[in-house]
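entry.cif, holding mmCIF, C-alpha atoms:
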```cif
data_structure
#
loop_
_atom_site.group_PDB
_atom_site.id
_atom_site.type_symbol
_atom_site.label_atom_id
_atom_site.label_comp_id
_atom_site.auth_asym_id
_atom_site.auth_seq_id
_atom_site.Cartn_x
_atom_site.Cartn_y
_atom_site.Cartn_z
ATOM 1 C CA MET A 249 47.743 -22.687 -84.082
ATOM 2 C CA LYS A 250 46.356 -22.879 -80.522
ATOM 3 C CA LYS A 251 49.663 -21.556 -79.161
ATOM 4 C CA LEU A 252 49.641 -18.663 -81.612
ATOM 5 C CA PHE A 253 46.048 -17.816 -80.683
ATOM 6 C CA SER A 254 46.911 -17.982 -76.941
ATOM 7 C CA VAL A 255 49.923 -15.685 -77.377
ATOM 8 C CA LEU A 256 47.883 -13.250 -79.465
ATOM 9 C CA LEU A 257 45.043 -13.267 -76.918
ATOM 10 C CA LEU A 258 47.451 -12.645 -74.022
ATOM 11 C CA THR A 259 49.101 -9.805 -75.945
ATOM 12 C CA VAL A 260 45.749 -8.107 -76.599
ATOM 13 C CA ILE A 261 44.716 -8.536 -72.945
ATOM 14 C CA GLY A 262 48.079 -7.145 -71.793
ATOM 15 C CA LEU A 263 47.790 -4.094 -74.061
ATOM 16 C CA PHE A 264 44.240 -3.449 -72.871
ATOM 17 C CA THR A 265 45.313 -3.773 -69.221
ATOM 18 C CA PHE A 266 48.286 -1.424 -69.545
ATOM 19 C CA SER A 267 46.429 1.153 -71.611
ATOM 20 C CA SER A 268 43.629 1.285 -69.042
ATOM 21 C CA CYS A 269 46.036 2.100 -66.172
ATOM 22 C CA GLU A 270 46.423 5.790 -66.890
ATOM 23 C CA LEU A 271 46.673 8.011 -63.852
ATOM 24 C CA ASP A 272 43.664 10.200 -63.224
ATOM 25 C CA ASP A 273 44.734 13.804 -63.755
ATOM 26 C CA ASN A 274 41.683 14.953 -61.780
ATOM 27 C CA SER A 275 42.917 13.409 -58.541
ATOM 28 C CA PRO A 276 43.689 16.025 -55.882
ATOM 29 C CA ASN A 277 47.290 17.079 -55.391
ATOM 30 C CA PHE A 278 48.518 17.583 -51.850
ATOM 31 C CA HIS A 279 51.585 17.988 -49.682
ATOM 32 C CA PHE A 280 52.232 17.538 -45.967
ATOM 33 C CA GLU A 281 52.867 20.252 -43.372
ATOM 34 C CA LEU A 282 53.313 20.304 -39.624
ATOM 35 C CA LEU A 283 50.676 22.294 -37.744
ATOM 36 C CA PRO A 284 51.494 24.163 -34.534
ATOM 37 C CA VAL A 285 49.917 22.853 -31.332
ATOM 38 C CA ASP A 286 48.038 25.455 -29.275
ATOM 39 C CA SER A 287 47.693 23.377 -26.104
ATOM 40 C CA VAL A 288 47.984 19.820 -24.800
ATOM 41 C CA ALA A 289 46.175 17.751 -22.162
ATOM 42 C CA VAL A 290 48.625 15.427 -20.403
ATOM 43 C CA PRO A 291 48.403 13.760 -16.984
ATOM 44 C CA GLU A 292 50.484 15.010 -14.055
ATOM 45 C CA SER A 293 52.091 11.577 -13.698
ATOM 46 C CA PHE A 294 52.213 8.129 -15.297
ATOM 47 C CA VAL A 295 52.013 4.624 -13.800
ATOM 48 C CA MET A 296 54.212 1.921 -15.355
ATOM 49 C CA GLY A 297 52.321 -0.387 -17.741
ATOM 50 C CA LYS A 298 49.255 1.851 -18.089
ATOM 51 C CA THR A 299 48.032 3.523 -21.262
ATOM 52 C CA TYR A 300 47.086 7.214 -21.335
ATOM 53 C CA LYS A 301 45.190 9.271 -23.881
ATOM 54 C CA ILE A 302 47.173 12.395 -24.798
ATOM 55 C CA LYS A 303 45.172 15.204 -26.446
ATOM 56 C CA ALA A 304 46.555 18.031 -28.560
ATOM 57 C CA TYR A 305 44.553 21.063 -29.693
ATOM 58 C CA TYR A 306 45.248 23.022 -32.862
ATOM 59 C CA LYS A 307 43.738 25.310 -35.496
ATOM 60 C CA ARG A 308 43.737 25.021 -39.274
ATOM 61 C CA PRO A 309 44.831 28.019 -41.373
ATOM 62 C CA THR A 310 42.444 27.062 -44.223
ATOM 63 C CA ASP A 311 39.820 24.426 -44.920
ATOM 64 C CA CYS A 312 42.305 22.640 -47.220
ATOM 65 C CA TYR A 313 44.234 21.356 -44.173
ATOM 66 C CA LEU A 314 43.180 17.819 -43.231
ATOM 67 C CA SER A 315 44.480 16.073 -40.122
ATOM 68 C CA ASP A 316 46.835 13.207 -40.928
ATOM 69 C CA GLY A 317 47.893 12.059 -37.453
ATOM 70 C CA PHE A 318 51.102 12.704 -35.569
ATOM 71 C CA TYR A 319 54.706 12.871 -36.627
ATOM 72 C CA TYR A 320 56.662 11.167 -33.836
ATOM 73 C CA GLU A 321 60.318 10.862 -32.751
ATOM 74 C CA LYS A 322 61.690 8.863 -29.835
ATOM 75 C CA GLU A 323 65.051 9.362 -28.134
ATOM 76 C CA LEU A 324 65.538 7.633 -24.778
ATOM 77 C CA ASN A 325 62.656 8.966 -22.625
ATOM 78 C CA THR A 326 62.056 12.059 -24.771
ATOM 79 C CA ARG A 327 59.115 11.975 -27.160
ATOM 80 C CA THR A 328 58.738 14.688 -29.794
ATOM 81 C CA PHE A 329 55.381 15.110 -31.513
ATOM 82 C CA ALA A 330 53.995 17.287 -34.274
ATOM 83 C CA LEU A 331 50.558 17.342 -35.836
ATOM 84 C CA GLN A 332 50.807 16.383 -39.474
ATOM 85 C CA ALA A 333 48.338 17.779 -41.997
ATOM 86 C CA LYS A 334 47.645 16.833 -45.569
ATOM 87 C CA VAL A 335 47.232 20.110 -47.445
ATOM 88 C CA LEU A 336 45.121 19.978 -50.589
ATOM 89 C CA GLU A 337 46.633 22.081 -53.362
ATOM 90 C CA GLN A 338 43.534 23.903 -54.547
ATOM 91 C CA ASN A 339 42.740 27.473 -55.531
ATOM 92 C CA ASN A 340 39.510 27.634 -53.535
ATOM 93 C CA CYS A 341 40.849 27.164 -49.983
ATOM 94 C CA ALA A 342 38.984 29.357 -47.521
ATOM 95 C CA PRO A 343 40.646 30.802 -44.395
ATOM 96 C CA VAL A 344 39.398 29.288 -41.138
ATOM 97 C CA THR A 345 38.893 32.084 -38.623
ATOM 98 C CA ASN A 346 36.078 31.259 -36.181
ATOM 99 C CA GLU A 347 36.598 27.526 -35.843
ATOM 100 C CA ALA A 348 37.062 26.225 -32.296
ATOM 101 C CA PRO A 349 40.378 24.435 -31.716
ATOM 102 C CA LEU A 350 40.337 20.914 -33.106
ATOM 103 C CA GLU A 351 41.430 17.916 -31.040
ATOM 104 C CA SER A 352 43.727 15.118 -32.093
ATOM 105 C CA SER A 353 44.787 12.381 -29.691
ATOM 106 C CA PHE A 354 46.881 9.271 -29.340
ATOM 107 C CA ASN A 355 47.314 6.544 -26.740
ATOM 108 C CA PHE A 356 50.648 6.336 -24.937
ATOM 109 C CA LEU A 357 51.794 3.143 -23.176
ATOM 110 C CA VAL A 358 54.234 3.724 -20.302
ATOM 111 C CA THR A 359 57.104 1.240 -20.605
ATOM 112 C CA SER A 360 59.927 2.967 -18.709
ATOM 113 C CA ASN A 361 60.676 4.224 -15.207
ATOM 114 C CA GLY A 362 61.878 7.720 -14.387
ATOM 115 C CA SER A 363 60.281 10.590 -16.278
ATOM 116 C CA TYR A 364 59.144 11.155 -19.819
ATOM 117 C CA ILE A 365 59.743 14.445 -21.568
ATOM 118 C CA PHE A 366 57.045 15.269 -24.111
ATOM 119 C CA LYS A 367 57.792 17.973 -26.681
ATOM 120 C CA PHE A 368 54.980 19.223 -28.924
ATOM 121 C CA PHE A 369 55.760 21.361 -31.972
ATOM 122 C CA LYS A 370 54.447 24.883 -31.331
ATOM 123 C CA GLY A 371 55.734 26.579 -34.494
ATOM 124 C CA GLU A 372 58.740 28.662 -35.399
ATOM 125 C CA ASP A 373 60.071 31.807 -33.779
ATOM 126 C CA ALA A 374 61.077 34.984 -35.665
ATOM 127 C CA ALA A 375 64.518 33.495 -36.388
ATOM 128 C CA GLY A 376 63.020 30.341 -37.916
ATOM 129 C CA ASN A 377 63.883 28.078 -34.963
ATOM 130 C CA ARG A 378 61.350 25.439 -34.015
ATOM 131 C CA THR A 379 59.665 25.945 -30.665
ATOM 132 C CA PHE A 380 57.970 23.341 -28.480
ATOM 133 C CA LEU A 381 55.560 22.982 -25.592
ATOM 134 C CA GLU A 382 57.482 20.785 -23.140
ATOM 135 C CA TYR A 383 56.146 18.618 -20.330
ATOM 136 C CA GLU A 384 58.092 16.415 -17.943
ATOM 137 C CA ILE A 385 55.847 13.650 -16.639
ATOM 138 C CA PRO A 386 57.177 11.433 -13.830
ATOM 139 C CA VAL A 387 56.462 7.716 -13.667
ATOM 140 C CA VAL A 388 55.193 6.915 -10.167
ATOM 141 C CA THR A 389 54.136 3.779 -8.357
ATOM 142 C CA GLU A 390 50.411 3.010 -8.235
ATOM 143 C CA SER A 391 50.050 4.123 -4.574
ATOM 144 C CA GLU A 392 51.539 7.642 -5.044
#
```
As structure tokens, how would this structure be written, given the file I've shared?
Amino acid sequence: MKKLFSVLLLTVIGLFTFSSCELDDNSPNFHFELLPVDSVAVPESFVMGKTYKIKAYYKRPTDCYLSDGFYYEKELNTRTFALQAKVLEQNNCAPVTNEAPLESSFNFLVTSNGSYIFKFFKGEDAAGNRTFLEYEIPVVTESE
């Protein structure tokens, strides 16, 4: 009898737990988009082993665009970056027209000699090709 009661109790608890795990239909829907970079602040040179703060400036098309960090690709000494935005799928998004450029930054640790090539997504041209702001930053010795 105790075993039957235990099994019945666990079944009721399990049904209650699973029935209470419905997804909230009121949660905001969103998707991700890459935002074009207007300008970037990078140093003229790097020193091996040091960390540098790289700043990118951008504008939001509407107030439903929320910064979600950087998309990042690495190939040898080339680093490709794009600002990633979470875009809320709402009907009441207002255009952003007079907002000053926003800043997003990351820290970059120099681990290689030679030069680094930084490419920042600038948008697409009329033909739909991606365009980039490109910077070649040499790695120098501390005394240079």
Produce a table with one row for each residue of range 308-376 of chain A that has an atom at most 8 Å from any atom of range 382-386 of chain A, each row naming the nearest atom pair and its distance in Å at one decimal; use all atoms listed in the file; arrange rows by chain and rising residue number; format as JSON lines.
```
{"residue": "A:Gly362", "atom": "CA", "partner": "A:Pro386", "partner_atom": "CA", "distance": 6.0}
{"residue": "A:Ser363", "atom": "CA", "partner": "A:Pro386", "partner_atom": "CA", "distance": 4.0}
{"residue": "A:Tyr364", "atom": "CA", "partner": "A:Ile385", "partner_atom": "CA", "distance": 5.2}
{"residue": "A:Ile365", "atom": "CA", "partner": "A:Glu384", "partner_atom": "CA", "distance": 4.4}
{"residue": "A:Phe366", "atom": "CA", "partner": "A:Tyr383", "partner_atom": "CA", "distance": 5.1}
{"residue": "A:Lys367", "atom": "CA", "partner": "A:Glu382", "partner_atom": "CA", "distance": 4.5}
{"residue": "A:Phe368", "atom": "CA", "partner": "A:Glu382", "partner_atom": "CA", "distance": 6.5}
```
Convert the current residue selection to file output with C-alpha atoms, as a CSV table (one decimal), in the coordinates of the input.
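In the end it all went to selection24.csv:
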```csv
chain,number,residue,atom,x,y,z
A,362,GLY,CA,61.9,7.7,-14.4
A,363,SER,CA,60.3,10.6,-16.3
A,364,TYR,CA,59.1,11.2,-19.8
A,365,ILE,CA,59.7,14.4,-21.6
A,366,PHE,CA,57.0,15.3,-24.1
A,367,LYS,CA,57.8,18.0,-26.7
A,368,PHE,CA,55.0,19.2,-28.9
```
Just to confirm, what's the straight-line distance from CA of Asn339 in chain A to CA of Ser315 in chain A in Å (one decimal)?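 One can read the CA of Asn339 in chain A to CA of Ser315 in chain A distance as 19.2 Å.
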In Å to one decimal, how far is CA of Arg327 in chain A from CA of Asp373 in chain A?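 CA of Arg327 in chain A lies at a distance of 20.9 Å from CA of Asp373 in chain A.
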Taking the file as shown, what set of residues would the PyMOL selection byres ((chain A and resi 359) around 8) give back, as a PyMOL selection string? chain A and resi 296-297+357-358+360-361
Export of prior selection with C-alpha atoms as a JSON list (two decimals), in the frame of the given file:
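Below is the file selection08.json, written as the result:
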```
[["chain", "number", "residue", "atom", "x", "y", "z"],
["A", 296, "MET", "CA", 54.21, 1.92, -15.36],
["A", 297, "GLY", "CA", 52.32, -0.39, -17.74],
["A", 357, "LEU", "CA", 51.79, 3.14, -23.18],
["A", 358, "VAL", "CA", 54.23, 3.72, -20.30],
["A", 360, "SER", "CA", 59.93, 2.97, -18.71],
["A", 361, "ASN", "CA", 60.68, 4.22, -15.21]]
```
Mind telling me what the PyMOL selection byres ((chain A and resi 283) around 8) catches here, as JSON, numbers by chain? {"A": [281, 282, 284, 285, 306, 307, 308, 330, 331, 332, 333, 369, 370, 371]}
Between CA of Leu381 in chain A and CA of Glu351 in chain A, measure the distance and give it in Å to one decimal.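 Separation between CA of Leu381 in chain A and CA of Glu351 in chain A: 16.0 Å.
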Quick one: apply the PyMOL selection byres ((chain A and resi 343) around 6) to the file and drop the selected residues here as a VMD selection string. chain A and resid 309 to 310 342 344
Find the residues with any atom within 12 Å of (47.0, 20.2, -19.5); use only C-alpha atoms and the coordinates as given in the file, and write the answer as an MDAnalysis selection string. chainID A and resid 286:293 301:305 381:385
